[in-house]
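K.L.:
Shown below is the structure under consideration.
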Amino acid sequence: MSLLIATLSFYLVVAATVVGAIIAVAARNIFHNVLGLAVSLIGVAGLFLYLNSPFVALMQILIYVGAITIAICFAIMLSQPLYLPAPPRNPLKIQGAAFGAGLVFIFLGLLTRQTVWTPATERVQDWSIATIGHYLLNQYVVIFELISLLLLVAMLGAIVTARGGRGSS
Amino acid sequence: MPIFNQLDTYLYLAVILFCLGLYGVLSRRNLIAVLISVELMLNAASLNFMAFNRFLAPHPAVGQIAALFIMAVAAAEAAIALSIIVALYRKLKSINIEHATELRG
C-alpha cells in the first residue's frame, strides 16, 4: 500500500516537473513562463526527496523558487510592459530549434541507454545532514568559501550594472 | 524494483529537462525567457549529480555538495543576467535578443 502511494506521488512529481518545464519554454506570456519554471523547480525538489536528500530539496525550494524566481519576476516588472503585443514567431526558427533539440535528445537518450553504470565497490550509507556539514567545513571548505566570494562579487556586479554602468553617479 | 529506485528513470528525466531547456534557448527571443531555459538546463545537470550520488557514488555527501555549488552559481548568474537585462532595457527599450546588436563589428 505504501509502495503504491509512493509510486503515485512519484508520477505526480514527474508530471509537475515535465509539464512545468513545457509551460516554461512554450507559453507565449513571459509571466506564465516564470510560473511554469516555479512548478518545474518544485517538481525537481520532490525528485531530490526521492533521492534521499531532504536538505538539497529544501535548498532547491529556498534558493530557486524563493529567490531566483522572485528576482525574475522583478526583472519582468522593470522591463518590457506586458500589454505590448509580442512580435509573431518565426515558424522556421521554431522548427529549427525543435530539430536541434530533438537531435540532442536522441543522442543523449541513446547514450544513457547504451552505457552500463557500475556502482562504486564500497559505498558509505551515511545520509545525515550533519555529515554534509562536516564535509562542507573540512574537506570542501574551499568550495564553501568560493561560493560566498562568488555571491559577494555577483551582488556587487549586479548593483553596479543595474545602476547604469560606468560613468553615472 | 519500484520505478523511483532506478538510476535510468532519473537520467531520462534529466535528458528531457535538458532538451526542453535547449529548445527554449534556441527558439525564444525574449532575454528573460532564454534565462528561464538556462535555469532548466542547470537543473537537469544538478538532477544528474544527485542521481549518480544516490546510486553510484562512494560517499553520499559529494554529489549533494556539487548540487549546492550549482545552485549558488545559478543564483549568481541570475543576479548578473537580470541586472544586465534591466540595463539593456533602459538603453534599448527592448529585451529582444535580435535588437541587442550594439557590439556587432
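Residue numbering restarts at 1 in every chain; chains get A, B, ... in the order shown in the C-alpha cells, and ligands count up from 1 in that same order.
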Using only C-alpha atoms, I'd like a table of the residues in segment 3-88 of chain B that come within 8 Å of segment 96-105 of chain A; for each, show the closest atom pair and its distance in Å rounded to one decimal, ordered by chain and ascending number, as a Markdown table.
P.N.:
```
| residue | atom | partner | partner_atom | distance |
| --- | --- | --- | --- | --- |
| B:Val15 | CA | A:Phe105 | CA | 6.6 |
| B:Ile16 | CA | A:Phe105 | CA | 7.1 |
| B:Cys19 | CA | A:Ala101 | CA | 5.5 |
| B:Leu20 | CA | A:Ala101 | CA | 7.4 |
| B:Leu22 | CA | A:Ala101 | CA | 5.9 |
| B:Tyr23 | CA | A:Ala101 | CA | 5.3 |
| B:Gly24 | CA | A:Ala97 | CA | 7.9 |
| B:Leu26 | CA | A:Ala97 | CA | 5.2 |
| B:Ser27 | CA | A:Ala97 | CA | 5.4 |
```
K.L.:
Please, which residues in segment 75-139 of chain A fall within 12 Å of segment 35-59 of chain A when counting only C-alpha atoms, and what is the closest atom pair and distance in Å to one decimal for each, ordered by chain then residue number, as a tab-separated table?
P.N.:
```
residue	atom	partner	partner_atom	distance
A:Gln125	CA	A:Asn52	CA	10.8
A:Asp126	CA	A:Asn52	CA	10.5
A:Trp127	CA	A:Asn52	CA	7.3
A:Ser128	CA	A:Ser53	CA	8.8
A:Ile129	CA	A:Phe55	CA	6.8
A:Ala130	CA	A:Phe55	CA	10.3
A:Thr131	CA	A:Phe55	CA	11.4
A:Ile132	CA	A:Phe55	CA	9.2
A:Gly133	CA	A:Phe55	CA	10.6
```
K.L.:
Let's have the selection written as a PDB file, in the first residue's frame, with N, CA and C atoms.
P.N.:
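Output file selection38.pdb follows:
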```pdb
ATOM      1  N   GLN A 125      26.846   4.436   3.729  1.00  0.00           N
ATOM      2  CA  GLN A 125      25.401   4.689   3.811  1.00  0.00           C
ATOM      3  C   GLN A 125      25.113   5.710   4.904  1.00  0.00           C
ATOM      4  N   ASP A 126      25.703   6.878   4.758  1.00  0.00           N
ATOM      5  CA  ASP A 126      25.522   7.894   5.794  1.00  0.00           C
ATOM      6  C   ASP A 126      24.898   9.131   5.148  1.00  0.00           C
ATOM      7  N   TRP A 127      23.558   9.265   5.283  1.00  0.00           N
ATOM      8  CA  TRP A 127      22.852  10.322   4.566  1.00  0.00           C
ATOM      9  C   TRP A 127      22.526  11.506   5.455  1.00  0.00           C
ATOM     10  N   SER A 128      23.090  11.585   6.668  1.00  0.00           N
ATOM     11  CA  SER A 128      22.635  12.614   7.594  1.00  0.00           C
ATOM     12  C   SER A 128      23.145  13.992   7.178  1.00  0.00           C
ATOM     13  N   ILE A 129      22.382  15.021   7.571  1.00  0.00           N
ATOM     14  CA  ILE A 129      22.745  16.394   7.225  1.00  0.00           C
ATOM     15  C   ILE A 129      24.016  16.806   7.961  1.00  0.00           C
ATOM     16  N   ALA A 130      24.219  16.255   9.185  1.00  0.00           N
ATOM     17  CA  ALA A 130      25.417  16.590   9.954  1.00  0.00           C
ATOM     18  C   ALA A 130      26.680  16.220   9.176  1.00  0.00           C
ATOM     19  N   THR A 131      26.629  15.091   8.452  1.00  0.00           N
ATOM     20  CA  THR A 131      27.803  14.683   7.679  1.00  0.00           C
ATOM     21  C   THR A 131      28.108  15.692   6.579  1.00  0.00           C
ATOM     22  N   ILE A 132      27.035  16.170   5.912  1.00  0.00           N
ATOM     23  CA  ILE A 132      27.254  17.177   4.867  1.00  0.00           C
ATOM     24  C   ILE A 132      27.899  18.420   5.469  1.00  0.00           C
ATOM     25  N   GLY A 133      27.415  18.808   6.661  1.00  0.00           N
ATOM     26  CA  GLY A 133      28.001  19.974   7.316  1.00  0.00           C
ATOM     27  C   GLY A 133      29.468  19.769   7.619  1.00  0.00           C
TER      28      GLY A 133
END
```
K.L.:
Which polymer residues have any atom within 10 Å of an atom of Ala45 of chain B, counting only C-alpha atoms, with same-chain residues fewer than 5 positions away left out, as a VMD selection string?
P.N.:
chain B and resid 11 14 to 15 17 to 18 39 to 40 50 to 51 67 70
K.L.:
Find the residues near Leu31 of chain B: any atom within 9 Å, counting only C-alpha atoms, skip ones fewer than 3 places away on the same chain, and give them as a list in words.
P.N.:
Arg28, Val34, Leu35, Ile36, Ile85, Ile95, Asn96 and Ile97 of chain B
K.L.:
Store the residues of this selection in a file with C-alpha atoms, as a PDB file, in the first residue's frame.
P.N.:
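Below you can see again18.pdb, which holds the result:
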```pdb
ATOM      1  CA  ARG B  28      12.883  32.175 -27.749  1.00  0.00           C
ATOM      2  CA  VAL B  34      16.288  32.480 -22.508  1.00  0.00           C
ATOM      3  CA  LEU B  35      17.417  32.876 -18.877  1.00  0.00           C
ATOM      4  CA  ILE B  36      14.489  30.695 -17.693  1.00  0.00           C
ATOM      5  CA  ILE B  85      18.663  42.800 -18.814  1.00  0.00           C
ATOM      6  CA  ILE B  95      14.748  42.955 -24.402  1.00  0.00           C
ATOM      7  CA  ASN B  96      14.557  41.161 -27.728  1.00  0.00           C
ATOM      8  CA  ILE B  97      17.914  39.481 -28.385  1.00  0.00           C
TER       9      ILE B  97
END
```
K.L.:
Which polymer residues have any atom within 9 Å of an atom of Asp8 of chain B, counting only C-alpha atoms, with same-chain residues fewer than 5 positions away left out, as a PyMOL selection string?
P.N.:
(chain A and resi 112-113) or (chain B and resi 13+51)
K.L.:
Keeping only all heavy atoms, write the selected residues as a PDB file, in the first residue's frame.
P.N.:
```pdb
ATOM      1  N   THR A 112      22.473   7.355 -22.768  1.00  0.00           N
ATOM      2  CA  THR A 112      22.027   6.851 -21.470  1.00  0.00           C
ATOM      3  C   THR A 112      21.655   5.378 -21.553  1.00  0.00           C
ATOM      4  O   THR A 112      21.885   4.602 -20.635  1.00  0.00           O
ATOM      5  CB  THR A 112      20.819   7.674 -20.998  1.00  0.00           C
ATOM      6  OG1 THR A 112      21.147   9.040 -21.097  1.00  0.00           O
ATOM      7  CG2 THR A 112      20.449   7.349 -19.579  1.00  0.00           C
ATOM      8  N   ARG A 113      21.053   4.980 -22.706  1.00  0.00           N
ATOM      9  CA  ARG A 113      20.606   3.606 -22.827  1.00  0.00           C
ATOM     10  C   ARG A 113      21.762   2.635 -22.996  1.00  0.00           C
ATOM     11  O   ARG A 113      21.739   1.515 -22.473  1.00  0.00           O
ATOM     12  CB  ARG A 113      19.661   3.498 -24.022  1.00  0.00           C
ATOM     13  CG  ARG A 113      18.523   2.533 -23.765  1.00  0.00           C
ATOM     14  CD  ARG A 113      17.614   2.490 -24.946  1.00  0.00           C
ATOM     15  NE  ARG A 113      17.771   1.226 -25.629  1.00  0.00           N
ATOM     16  CZ  ARG A 113      17.001   0.840 -26.624  1.00  0.00           C
ATOM     17  NH1 ARG A 113      16.055   1.633 -27.045  1.00  0.00           N
ATOM     18  NH2 ARG A 113      17.182  -0.311 -27.191  1.00  0.00           N
TER      19      ARG A 113
ATOM     20  N   LEU B  13      14.795  11.557 -17.166  1.00  0.00           N
ATOM     21  CA  LEU B  13      14.136  12.812 -16.789  1.00  0.00           C
ATOM     22  C   LEU B  13      15.070  13.995 -16.992  1.00  0.00           C
ATOM     23  O   LEU B  13      14.663  15.042 -17.506  1.00  0.00           O
ATOM     24  CB  LEU B  13      13.722  12.747 -15.327  1.00  0.00           C
ATOM     25  CG  LEU B  13      12.291  12.350 -15.060  1.00  0.00           C
ATOM     26  CD1 LEU B  13      12.081  12.211 -13.574  1.00  0.00           C
ATOM     27  CD2 LEU B  13      11.376  13.409 -15.614  1.00  0.00           C
ATOM     28  N   ALA B  51      21.398  12.006  -8.909  1.00  0.00           N
ATOM     29  CA  ALA B  51      21.087  10.615  -9.227  1.00  0.00           C
ATOM     30  C   ALA B  51      22.342   9.748  -9.125  1.00  0.00           C
ATOM     31  O   ALA B  51      22.320   8.670  -8.511  1.00  0.00           O
ATOM     32  CB  ALA B  51      20.494  10.530 -10.635  1.00  0.00           C
TER      33      ALA B  51
END
```
K.L.:
Pick from B:Ile65, B:Glu77, B:Leu56, B:His99: nearest to chain A, with only C-alpha atoms counted?
P.N.:
B:Leu56
K.L.:
Determine which residues of chain B receive a DSSP assignment of helix (DSSP H, G or I), computed from the backbone, and state them as a PyMOL selection string.
P.N.:
chain B and resi 3-5+7-27+31-55+60-92
K.L.:
Store the residues picked out above, limited to C-alpha atoms, as an mmCIF file, in the first residue's frame.
P.N.:
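The file below, out.cif, is the result:
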```cif
data_model
loop_
_atom_site.group_PDB
_atom_site.id
_atom_site.type_symbol
_atom_site.label_atom_id
_atom_site.label_comp_id
_atom_site.auth_asym_id
_atom_site.auth_seq_id
_atom_site.Cartn_x
_atom_site.Cartn_y
_atom_site.Cartn_z
ATOM 1 C CA ILE B 3 10.371 2.916 -10.658
ATOM 2 C CA PHE B 4 11.661 5.611 -8.311
ATOM 3 C CA ASN B 5 14.555 3.382 -7.228
ATOM 4 C CA LEU B 7 19.016 5.194 -11.927
ATOM 5 C CA ASP B 8 17.686 5.238 -15.512
ATOM 6 C CA THR B 9 14.425 6.981 -14.572
ATOM 7 C CA TYR B 10 16.270 9.989 -13.246
ATOM 8 C CA LEU B 11 18.754 10.069 -16.118
ATOM 9 C CA TYR B 12 15.961 10.087 -18.739
ATOM 10 C CA LEU B 13 14.136 12.812 -16.789
ATOM 11 C CA ALA B 14 17.313 14.898 -16.777
ATOM 12 C CA VAL B 15 17.671 14.364 -20.547
ATOM 13 C CA ILE B 16 14.068 15.547 -21.087
ATOM 14 C CA LEU B 17 14.608 18.642 -18.906
ATOM 15 C CA PHE B 18 17.897 19.471 -20.637
ATOM 16 C CA CYS B 19 16.434 19.190 -24.126
ATOM 17 C CA LEU B 20 13.380 21.289 -23.220
ATOM 18 C CA GLY B 21 15.779 23.948 -21.921
ATOM 19 C CA LEU B 22 17.873 23.711 -25.086
ATOM 20 C CA TYR B 23 14.743 24.124 -27.229
ATOM 21 C CA GLY B 24 13.838 27.222 -25.198
ATOM 22 C CA VAL B 25 17.304 28.741 -25.601
ATOM 23 C CA LEU B 26 17.239 28.165 -29.362
ATOM 24 C CA SER B 27 13.675 29.261 -30.088
ATOM 25 C CA LEU B 31 16.097 37.523 -22.970
ATOM 26 C CA ILE B 32 14.234 36.606 -19.771
ATOM 27 C CA ALA B 33 12.769 33.518 -21.464
ATOM 28 C CA VAL B 34 16.288 32.480 -22.508
ATOM 29 C CA LEU B 35 17.417 32.876 -18.877
ATOM 30 C CA ILE B 36 14.489 30.695 -17.693
ATOM 31 C CA SER B 37 15.514 27.983 -20.169
ATOM 32 C CA VAL B 38 19.117 28.110 -18.931
ATOM 33 C CA GLU B 39 17.838 27.573 -15.385
ATOM 34 C CA LEU B 40 16.045 24.430 -16.611
ATOM 35 C CA MET B 41 19.287 23.113 -18.136
ATOM 36 C CA LEU B 42 21.190 23.781 -14.896
ATOM 37 C CA ASN B 43 18.504 21.867 -13.021
ATOM 38 C CA ALA B 44 18.951 18.900 -15.333
ATOM 39 C CA ALA B 45 22.684 18.902 -14.536
ATOM 40 C CA SER B 46 22.055 19.025 -10.825
ATOM 41 C CA LEU B 47 19.474 16.212 -11.101
ATOM 42 C CA ASN B 48 22.165 14.107 -12.804
ATOM 43 C CA PHE B 49 24.622 14.817 -9.990
ATOM 44 C CA MET B 50 22.060 13.813 -7.366
ATOM 45 C CA ALA B 51 21.087 10.615 -9.227
ATOM 46 C CA PHE B 52 24.698 9.451 -9.572
ATOM 47 C CA ASN B 53 25.237 10.395 -5.949
ATOM 48 C CA ARG B 54 22.279 8.267 -4.851
ATOM 49 C CA PHE B 55 23.060 5.143 -6.894
ATOM 50 C CA PRO B 60 26.657 10.399 -0.439
ATOM 51 C CA ALA B 61 27.847 13.863 0.632
ATOM 52 C CA VAL B 62 29.861 14.666 -2.507
ATOM 53 C CA GLY B 63 27.023 14.893 -5.008
ATOM 54 C CA GLN B 64 24.902 16.983 -2.656
ATOM 55 C CA ILE B 65 27.762 19.475 -2.294
ATOM 56 C CA ALA B 66 28.086 19.599 -6.100
ATOM 57 C CA ALA B 67 24.336 20.306 -6.367
ATOM 58 C CA LEU B 68 24.631 23.085 -3.776
ATOM 59 C CA PHE B 69 27.524 24.582 -5.758
ATOM 60 C CA ILE B 70 25.407 24.551 -8.936
ATOM 61 C CA MET B 71 22.599 26.324 -7.068
ATOM 62 C CA ALA B 72 24.927 29.076 -5.814
ATOM 63 C CA VAL B 73 26.438 29.588 -9.276
ATOM 64 C CA ALA B 74 22.930 29.708 -10.770
ATOM 65 C CA ALA B 75 21.917 32.361 -8.237
ATOM 66 C CA ALA B 76 24.973 34.487 -9.088
ATOM 67 C CA GLU B 77 24.344 34.016 -12.810
ATOM 68 C CA ALA B 78 20.681 35.011 -12.463
ATOM 69 C CA ALA B 79 21.572 38.155 -10.493
ATOM 70 C CA ILE B 80 24.127 39.297 -13.083
ATOM 71 C CA ALA B 81 21.942 38.386 -16.071
ATOM 72 C CA LEU B 82 18.873 40.148 -14.691
ATOM 73 C CA SER B 83 20.802 43.329 -13.934
ATOM 74 C CA ILE B 84 22.219 43.260 -17.474
ATOM 75 C CA ILE B 85 18.663 42.800 -18.814
ATOM 76 C CA VAL B 86 17.412 45.789 -16.816
ATOM 77 C CA ALA B 87 20.335 47.956 -18.003
ATOM 78 C CA LEU B 88 19.790 46.802 -21.597
ATOM 79 C CA TYR B 89 16.084 47.616 -21.447
ATOM 80 C CA ARG B 90 16.887 51.079 -20.151
ATOM 81 C CA LYS B 91 19.247 51.657 -23.080
ATOM 82 C CA LEU B 92 17.399 49.981 -25.973
#
```
K.L.:
Have a look at A:Leu12, A:Ala120, A:Val65, A:Leu152 and name the one nearest to chain B; count only C-alpha atoms.
P.N.:
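Ranked by minimum distance to chain B, first place goes to A:Ala120.
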K.L.:
With only C-alpha atoms as the atoms that count, which of B:His59, B:Arg29, B:Met1, B:Arg104 lies nearest to chain A?
P.N.:
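Checking each of B:His59, B:Arg29, B:Met1, B:Arg104 against chain A, counting only C-alpha atoms, the winner is B:His59.
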K.L.:
Counting only C-alpha atoms, which residue out of A:Ser9, A:Ser2, A:Gln80, A:Gln139 sits closest to chain B?
P.N.:
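Looking only at the distances to chain B, the closest residue turns out to be A:Gln80.
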K.L.:
One number please: atom CA of Glu98 of chain B to atom CA of Asn29 of chain A, in Å, one decimal.
P.N.:
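If I compute the distance from atom CA of Glu98 of chain B to atom CA of Asn29 of chain A, I get 18.5 Å.
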K.L.:
Expressed in Å to a single decimal, how great is the separation between atom CA of Leu78 of chain A and atom CA of Phe31 of chain A?
P.N.:
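So the answer is 12.9 Å.
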